[in-house]
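Asks: Next up is a structure, given as structure tokens.
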Amino acid sequence: MSHKMIVGIVAYNRADMLIECLKFLLKEKQVAKIHVSLDFSEKQNSIINEIEKLNVSEPEIVIHKNSSRMGLKRNVYKLCDLLSNRYEEFCIIEDDVIVEKGFLRFIEKVKALNLDQVRQIVLYKLDWDEHNRMPVISPTFYNHLFLSKIPGSQAVYYKSSWWNEFKLKRESIEVENIDLNPTADNWGAQSWKKNYFKFMVKNGYFSIVPNGSYACHNGNVGTNFDNKFVIGFDTPLTLEKIPNELRLYHSDLLYLDIDYTWKGKYANTFNISTKSKLLFNYSIYDLTLAVLRKIKSKL
């Protein structure tokens, strides 16, 4: 890897989770600097004291102390605006998410694809396609990538040019009537993810999403995240080998419909068991090894 990454953490009042998040990041040698945007709470000063106890000089931890309660949306905007003005690229994670070792190597491989219509790299699997309102079903059990109009929010990578394009358009796009789906349309005014979702749908952009995860959600359910145990989100890809060639799929190419039949572009090309919900287009030996790795990762 030729250069180091800037990481921003959006934080509020979860001291223990933030410290755990930082400890994992400090193990990653390719992280150059960590910016923590700490929203105001009664615990703010005590959280800063806990961070200072880590006593590290590299990577440097820079704390941005908010003097008033901003809320998640404004805190994300503030931090991403700051990082996009200073650096060419950066990762953003929330304070209750732990990133797995090797996440930067994954980002480098995805960046090398040079896809013009991509505006975000997500570090965890999205199991539900919020745009097409269907499950995201993997056409293979191995590591690969989905192109999705669904943005990630809890652990993502941006080129600064991607974020700055959104920044220029976000005020106007917030008041536009862009059909997402009934659920996302009802997300409130405090949802920054809704605006990024609208930005991507309007412009024909995509997120790149892995089949598996480099991020583990370690916190409580939230307003727009009500499934704490998501297949893939807590399954580290570091237990599996990243293939030399990353294959891309669109998120709606195969899905399980409401009548429990498999539909989509490749629905008739695989030997599919609707009873077991498994795709048997790989050897049973390789399947068994992959399943064992995933089970081990959840123990």
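The way I read the labels, and the way they are meant: chains A, B, ... in the order of the structure tokens, residue 1 as the first residue of every chain, and ligand 1 as the first ligand shown, with later ones counted on from there.
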Fewer than 5 positions away in the same chain doesn't count, so skip those; otherwise give me all residues within 12 Å of A:Met134, counting only C-alpha atoms, as a ChimeraX atom specification.
Replies: /A:126-129,150,181,251-258,260,262-264
Asks: Excluding A:Ile107 and any residue of its chain fewer than 2 positions from it, enumerate the residues within 12 Å of it, using only C-alpha atoms, and give them as a ChimeraX atom specification.
Replies: /A:1,4-5,30,89-91,101-105,109-114,120-124,145,155-159,208-210,214,242,246
Asks: Mind dumping the selected residues with N, CA and C atoms as a compact mmCIF listing (two decimals), in the first residue's frame?
Replies:
# COMPACT_ATOMS: atom_id res chain seq x y z
N MET A 1 0.86 -1.19 0.00
CA MET A 1 0.00 0.00 0.00
C MET A 1 0.90 1.24 0.00
N LYS A 4 -1.04 6.18 3.43
CA LYS A 4 -1.84 5.90 4.61
C LYS A 4 -3.19 6.60 4.55
N MET A 5 -4.13 6.10 5.35
CA MET A 5 -5.51 6.57 5.30
C MET A 5 -5.84 7.48 6.48
N GLN A 30 -1.54 1.28 8.64
CA GLN A 30 -1.73 2.15 7.48
C GLN A 30 -2.69 3.31 7.76
N GLU A 89 -8.85 11.70 0.39
CA GLU A 89 -9.72 10.56 0.66
C GLU A 89 -9.78 10.34 2.16
N PHE A 90 -10.82 9.63 2.59
CA PHE A 90 -10.96 9.37 4.02
C PHE A 90 -12.03 8.30 4.24
N CYS A 91 -11.97 7.69 5.44
CA CYS A 91 -13.00 6.75 5.88
C CYS A 91 -13.77 7.38 7.04
N LYS A 101 -9.13 -5.81 10.82
CA LYS A 101 -7.81 -5.67 10.22
C LYS A 101 -7.89 -6.02 8.73
N GLY A 102 -7.24 -5.23 7.91
CA GLY A 102 -7.24 -5.49 6.48
C GLY A 102 -8.24 -4.68 5.69
N PHE A 103 -9.02 -3.82 6.35
CA PHE A 103 -10.04 -3.07 5.63
C PHE A 103 -9.44 -2.10 4.62
N LEU A 104 -8.23 -1.62 4.88
CA LEU A 104 -7.60 -0.69 3.94
C LEU A 104 -7.08 -1.40 2.70
N ARG A 105 -6.66 -2.64 2.87
CA ARG A 105 -6.24 -3.42 1.70
C ARG A 105 -7.43 -3.69 0.78
N LYS A 109 -7.97 -2.37 -3.28
CA LYS A 109 -8.31 -3.25 -4.39
C LYS A 109 -9.56 -2.75 -5.11
N VAL A 110 -10.52 -2.25 -4.35
CA VAL A 110 -11.74 -1.74 -4.97
C VAL A 110 -11.47 -0.45 -5.73
N LYS A 111 -10.64 0.42 -5.17
CA LYS A 111 -10.29 1.67 -5.85
C LYS A 111 -9.66 1.40 -7.21
N ALA A 112 -8.90 0.32 -7.31
CA ALA A 112 -8.20 0.00 -8.55
C ALA A 112 -9.15 -0.34 -9.69
N LEU A 113 -10.42 -0.59 -9.38
CA LEU A 113 -11.41 -0.86 -10.42
C LEU A 113 -11.75 0.39 -11.23
N ASN A 114 -11.56 1.58 -10.63
CA ASN A 114 -11.77 2.86 -11.31
C ASN A 114 -13.15 2.96 -11.97
N GLN A 120 -19.18 5.79 -3.31
CA GLN A 120 -18.98 5.36 -1.94
C GLN A 120 -18.53 3.89 -1.94
N ILE A 121 -17.63 3.54 -1.03
CA ILE A 121 -17.26 2.14 -0.80
C ILE A 121 -17.71 1.79 0.61
N VAL A 122 -18.59 0.82 0.72
CA VAL A 122 -19.14 0.40 2.01
C VAL A 122 -18.29 -0.74 2.56
N LEU A 123 -18.07 -0.75 3.87
CA LEU A 123 -17.21 -1.75 4.48
C LEU A 123 -17.97 -2.91 5.11
N TYR A 124 -19.27 -2.99 4.85
CA TYR A 124 -20.05 -4.10 5.38
C TYR A 124 -21.16 -4.45 4.39
N LEU A 145 -18.39 -8.33 -5.04
CA LEU A 145 -18.90 -6.99 -4.79
C LEU A 145 -20.28 -6.81 -5.41
N ALA A 155 -19.87 2.64 8.24
CA ALA A 155 -18.45 2.42 7.99
C ALA A 155 -18.24 2.50 6.48
N VAL A 156 -17.74 3.65 6.00
CA VAL A 156 -17.67 3.89 4.56
C VAL A 156 -16.40 4.66 4.19
N TYR A 157 -16.06 4.56 2.91
CA TYR A 157 -14.91 5.27 2.35
C TYR A 157 -15.40 6.25 1.29
N TYR A 158 -14.79 7.45 1.28
CA TYR A 158 -15.07 8.46 0.26
C TYR A 158 -13.79 9.01 -0.34
N LYS A 159 -13.80 9.25 -1.63
CA LYS A 159 -12.86 10.21 -2.19
C LYS A 159 -13.43 11.59 -1.88
N ILE A 208 -20.32 0.64 -3.69
CA ILE A 208 -19.78 -0.71 -3.82
C ILE A 208 -19.89 -1.37 -2.46
N VAL A 209 -20.51 -2.56 -2.45
CA VAL A 209 -20.80 -3.27 -1.20
C VAL A 209 -20.20 -4.67 -1.26
N PRO A 210 -19.46 -5.10 -0.24
CA PRO A 210 -18.88 -6.45 -0.26
C PRO A 210 -19.87 -7.52 0.18
N TYR A 214 -16.06 -5.85 6.79
CA TYR A 214 -14.86 -5.39 7.49
C TYR A 214 -15.26 -4.53 8.69
N ILE A 242 -9.07 -12.54 0.14
CA ILE A 242 -9.58 -11.63 -0.88
C ILE A 242 -9.09 -12.12 -2.23
N LEU A 246 -11.72 -9.11 -8.24
CA LEU A 246 -13.00 -8.84 -7.59
C LEU A 246 -14.10 -8.80 -8.64
Asks: Quote the spacing between atom CA of A:His250 and atom CA of A:Ser148 in Å to one decimal place.
Replies: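 That distance, rounded to one decimal, is 6.5 Å.
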Asks: Would you pick out the contacts of A:Ser68 at 9 Å or less, using only C-alpha atoms, so that residues sharing its chain but fewer than 6 positions from it are not included, and give the list as a PyMOL selection string?
Replies: chain A and resi 39-41
Asks: Just the residues within 10 Å of stretch 185-195 of chain A, please, counting only C-alpha atoms, with nothing from its chain fewer than 6 positions along; format it as a PyMOL selection string.
Replies: chain A and resi 71-77+150-154+166+169-179+201+223-224
Asks: Leaving out A:Leu26 and any residue of its chain fewer than 4 positions from it, which residues lie within 10 Å of it when counting only C-alpha atoms, given as a list in words?
Replies: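 Listed by chain and then number, they are Glu20, Cys21, Leu22, Gln30, Val31, Ala32, Lys33, Ile34, Leu54, Val56, Glu58, Pro59, Glu60 and Ile61 of chain A.
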Asks: Give the strand (DSSP E or B) residues of stretch 67-217 of chain A, as assigned by DSSP on the backbone, as a PyMOL selection string.
Replies: chain A and resi 89-94+97-99+118-122+124+128-129+134-135+145-148+155-159+206-210+213+215-217
Asks: May I have all residues of stretch 73-103 of chain A that DSSP, computed from the backbone, assigns to helix (DSSP H, G or I), given as a PyMOL selection string?
Replies: chain A and resi 73-86+103
Asks: For the residues selected in the previous step, produce a file with C-alpha atoms as a CSV table (one decimal), in the first residue's frame.
Replies:
chain,number,residue,atom,x,y,z
A,73,LYS,CA,-26.7,14.5,10.7
A,74,ARG,CA,-24.9,17.8,11.4
A,75,ASN,CA,-22.0,16.0,13.1
A,76,VAL,CA,-21.5,13.8,10.0
A,77,TYR,CA,-21.7,16.8,7.7
A,78,LYS,CA,-19.2,18.8,9.9
A,79,LEU,CA,-16.7,16.0,10.0
A,80,CYS,CA,-16.9,15.0,6.4
A,81,ASP,CA,-16.7,18.6,5.2
A,82,LEU,CA,-13.6,19.1,7.3
A,83,LEU,CA,-11.9,16.0,6.0
A,84,SER,CA,-12.8,16.6,2.4
A,85,ASN,CA,-11.3,20.0,2.6
A,86,ARG,CA,-8.0,18.7,4.0
A,103,PHE,CA,-10.0,-3.1,5.6
Asks: Would you compute the distance between atom CA of A:Gly8 and atom CA of A:Ile98? Give it in Å to one decimal.
Replies: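 Between atom CA of A:Gly8 and atom CA of A:Ile98 the gap is 12.8 Å.
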Asks: Set the distance at 10 Å and use only C-alpha atoms: which residues neighbour A:Lys53 once local chain neighbours fewer than 5 positions away are removed? I'd like the list as number ranges by chain.
Replies: A: 19, 47-48
Asks: If you keep N, CA and C atoms, can you produce a file of those selected residues as a PDB file, in the first residue's frame?
Replies:
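So the final result, stored in part.pdb, reads:
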ATOM      1  N   ILE A  19     -13.683   3.916  22.742  1.00  0.00           N
ATOM      2  CA  ILE A  19     -12.328   3.479  23.081  1.00  0.00           C
ATOM      3  C   ILE A  19     -12.004   2.154  22.391  1.00  0.00           C
ATOM      4  N   ILE A  47     -14.916  11.552  28.430  1.00  0.00           N
ATOM      5  CA  ILE A  47     -14.560  10.772  27.243  1.00  0.00           C
ATOM      6  C   ILE A  47     -13.214  11.234  26.694  1.00  0.00           C
ATOM      7  N   ILE A  48     -13.006  12.543  26.664  1.00  0.00           N
ATOM      8  CA  ILE A  48     -11.726  13.078  26.199  1.00  0.00           C
ATOM      9  C   ILE A  48     -10.592  12.585  27.091  1.00  0.00           C
TER      10      ILE A  48
END
Asks: Counting only C-alpha atoms, which residue out of A:Ile93, A:Ile51, A:Ser57, A:Lys29 sits closest to A:Val10?
Replies: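 The answer is A:Ile93, which sits nearest to A:Val10.
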